[in-house]
Amino acid sequence: MKSLITYAFASLMLIAGCATQASPDHHKHGLGFSKLFGKLTETQLGPRPFFLVANMDEGPLKETLESCESGPFFKSKFSIGHRGSAMQFPEHTKESYEAAARMGAGIVECDVTFTKDRELVCRHSQCDLHTTTNILATPLAEKCSVAPEFDSEGKLVNARDIRCCTSDISLVEFKSLQGKMDAADTSATSIEEYMNATPDWRTDLYSTKGTLLTHAESIQLLNDLGVDFTPELKSPSVDMPYEGDYTQAMYAQQMIDEYREAGIHPRRVWPQSFNYEDVIYWVENTRFGRQAVYLDGVYDVNVSLATMQQWRAEGVRVLAPPLWMLVEADAEGNIVPSQYARNAKEAGLKLIAWSLERSGLISQRNDWYYTGLNGETGMPDVIDNEGDVMNLLHVLAQDVGVIGVFSDWPATTTYYANCMGL
């Protein structure tokens, strides 16, 4: 495998050399390898993928992955930045998106919601500003749907109930905020305590500057970074039609329109929604529906083949469940495709999995993302060290046949994709 990658790299160098030889003025015209293929060489994986490979159990897969450690590594559409690179950067910020692109994510996600003045912005939820931004430390806290309340001694008394939504504020007000790591201490008695709750498996080292983005700004940034797009239309937390005349269809169309206005080809966009009607709207009304992704949030592993065939007949081509729905542990302790995954394949649906590396240490906790693999269902515990992430990724790619995997730290999926020639 390493020799194939090296050969491909050499071929690119040869092409670049031919290009420069063909034009004596290649410096003037901006030719040469760095210009033609510069974005392919900018991938910076950092130490995490190498750490994970080193922690794998001995075996053929580990040997294969170790053989690739010298690279070179290029971006891959198999590697999808989940909210950017949210393991260490505030999600849905400029800095998080840039880090994901540097780690080789070929596609990056902007979760899309709207402000009070109906402008589209990147947030995981319409009502998460109290956990993902510094709004509570600003005068805008007074505009929250459920604002902080204090007793006569100045102690916060409603930490569990605070709720701040993008629909509470205007776009200008939204842009004045700063992103932070998604966390809240709902037992806090002060705003400082409430905001200072980042899990110990994340970090605040990169949260001193979290630049919030509109959806349109994310399109421009990601286009400049040379990556593709997977916007997720978030379910509104307000009643629709909003203010009586802003319908769900208008909301769904507005998101697509911003790609059209930016001149982005539909092949570069994978619009997503947990709302099946949104997906069908895109299929029936826009060219962007050809790659529309139905996010399965029902979490029913017993979805029948007939149901999936019906989805396919209605125009759905891509299905994206959480990764645990696509795999299971067998009696021999192997990770294998689930019946759900086999049904999706038989129905002709492409699959995308979410989300890798959105948890603490595998060896210390049983996390929702690894349901069915951690011994909770009575089957063997097959993920007991950090390197088992690579085993799971291998089964998803090779046996389940997913076309992409969301990760909070996309360097891991980039490393695997390059090593396996995806």
# chains A, B, ... in the order shown; residues from 1 in each chain; ligands from 1

$ residues_around --residues "Gly378 (chain A)" --least-positions-apart "6" --cutoff "10 Å" --atoms "only C-alpha atoms" --output "list in words"
Ala329, Ala331 and Gly372 of chain A

$ residues_around --residues "Gly333 (chain A)" --least-positions-apart "4" --cutoff "8 Å" --atoms "only C-alpha atoms" --output "PDB file with C-alpha atoms, in the first residue's frame"
ATOM      1  CA  ALA A 329     -20.007  -7.641  18.132  1.00  0.00           C
ATOM      2  CA  MET A 379     -21.955  -9.531  23.656  1.00  0.00           C
ATOM      3  CA  PRO A 380     -18.159  -9.319  24.121  1.00  0.00           C
ATOM      4  CA  ASP A 381     -16.523  -5.987  24.931  1.00  0.00           C
ATOM      5  CA  VAL A 382     -14.466  -5.413  21.779  1.00  0.00           C
TER       6      VAL A 382
END

$ select_by_dssp --residues "region 116-305 of chain A" --states "strand (DSSP E)" --output "number ranges by chain"
A: 120-122, 228-233, 272-273, 293-295

$ atom_distance --atom1 "CA of Leu393 (chain A)" --atom2 "CA of Leu305 (chain A)"
24.3 Å

$ closest_atom_pairs --of "region 243-294 of chain A" --to "region 314-319 of chain A" --cutoff "8 Å" --atoms "only C-alpha atoms" --output "JSON lines"
{"residue": "A:Val279", "atom": "CA", "partner": "A:Val316", "partner_atom": "CA", "distance": 7.4}
{"residue": "A:Ile280", "atom": "CA", "partner": "A:Gly315", "partner_atom": "CA", "distance": 7.1}
{"residue": "A:Val283", "atom": "CA", "partner": "A:Gly315", "partner_atom": "CA", "distance": 6.2}
{"residue": "A:Arg290", "atom": "CA", "partner": "A:Arg317", "partner_atom": "CA", "distance": 7.1}
{"residue": "A:Gln291", "atom": "CA", "partner": "A:Val318", "partner_atom": "CA", "distance": 6.7}
{"residue": "A:Ala292", "atom": "CA", "partner": "A:Val318", "partner_atom": "CA", "distance": 6.5}
{"residue": "A:Val293", "atom": "CA", "partner": "A:Val318", "partner_atom": "CA", "distance": 4.9}
{"residue": "A:Tyr294", "atom": "CA", "partner": "A:Leu319", "partner_atom": "CA", "distance": 5.0}

$ write_last_selection --atoms "C-alpha atoms" --output "PDB file, in the first residue's frame"
ATOM      1  CA  VAL A 279     -34.627  15.576   2.368  1.00  0.00           C
ATOM      2  CA  ILE A 280     -37.601  14.865   0.112  1.00  0.00           C
ATOM      3  CA  VAL A 283     -34.894  15.737  -3.859  1.00  0.00           C
ATOM      4  CA  ARG A 290     -29.061  14.076  -5.512  1.00  0.00           C
ATOM      5  CA  GLN A 291     -26.652  13.963  -2.567  1.00  0.00           C
ATOM      6  CA  ALA A 292     -29.125  14.809   0.191  1.00  0.00           C
ATOM      7  CA  VAL A 293     -28.404  12.838   3.340  1.00  0.00           C
ATOM      8  CA  TYR A 294     -31.139  11.426   5.548  1.00  0.00           C
TER       9      TYR A 294
END

$ residues_around --residues "region 211-227 of chain A" --least-positions-apart "5" --cutoff "6 Å" --atoms "only C-alpha atoms" --output "short mmCIF file (atom, residue, chain, number, x, y, z; two decimals) with N, CA, C and O atoms, in the first residue's frame"
data_model
loop_
_atom_site.label_atom_id
_atom_site.label_comp_id
_atom_site.auth_asym_id
_atom_site.auth_seq_id
_atom_site.Cartn_x
_atom_site.Cartn_y
_atom_site.Cartn_z
N THR A 93 -16.74 27.07 14.53
CA THR A 93 -16.04 28.35 14.48
C THR A 93 -15.04 28.32 13.33
O THR A 93 -14.69 27.25 12.82
N LYS A 94 -14.60 29.48 12.96
CA LYS A 94 -13.60 29.60 11.89
C LYS A 94 -12.37 28.77 12.23
O LYS A 94 -11.84 28.04 11.37
N GLY A 106 -11.92 16.25 3.84
CA GLY A 106 -12.31 16.68 2.50
C GLY A 106 -13.69 17.29 2.48
O GLY A 106 -14.07 17.94 1.50
N ILE A 107 -14.45 17.08 3.56
CA ILE A 107 -15.79 17.64 3.72
C ILE A 107 -15.90 18.15 5.15
O ILE A 107 -15.42 17.48 6.08
N LEU A 120 -29.13 32.88 8.30
CA LEU A 120 -28.61 31.54 8.59
C LEU A 120 -27.22 31.61 9.20
O LEU A 120 -26.35 32.33 8.70
N VAL A 121 -27.03 30.84 10.26
CA VAL A 121 -25.75 30.82 10.97
C VAL A 121 -25.38 29.37 11.30
O VAL A 121 -26.22 28.47 11.23
N CYS A 122 -24.11 29.16 11.66
CA CYS A 122 -23.62 27.83 11.99
C CYS A 122 -23.66 27.61 13.50
O CYS A 122 -22.88 28.20 14.24
N GLN A 178 -18.57 35.10 21.05
CA GLN A 178 -17.37 34.28 20.84
C GLN A 178 -17.71 32.84 21.18
O GLN A 178 -18.36 32.55 22.19
#

$ atom_distance --atom1 "CA of Pro60 (chain A)" --atom2 "CA of Leu361 (chain A)"
24.0 Å

$ closest_residue --among "A:Ala262, A:Leu171, A:Leu205, A:Cys419" --to "Thr113 (chain A)" --atoms "only C-alpha atoms"
A:Leu171

$ residues_around --residues "Pro139 (chain A)" --least-positions-apart "5" --cutoff "12 Å" --atoms "only C-alpha atoms" --output "ChimeraX atom specification"
/A:134,144,147-148,169,173,176-177
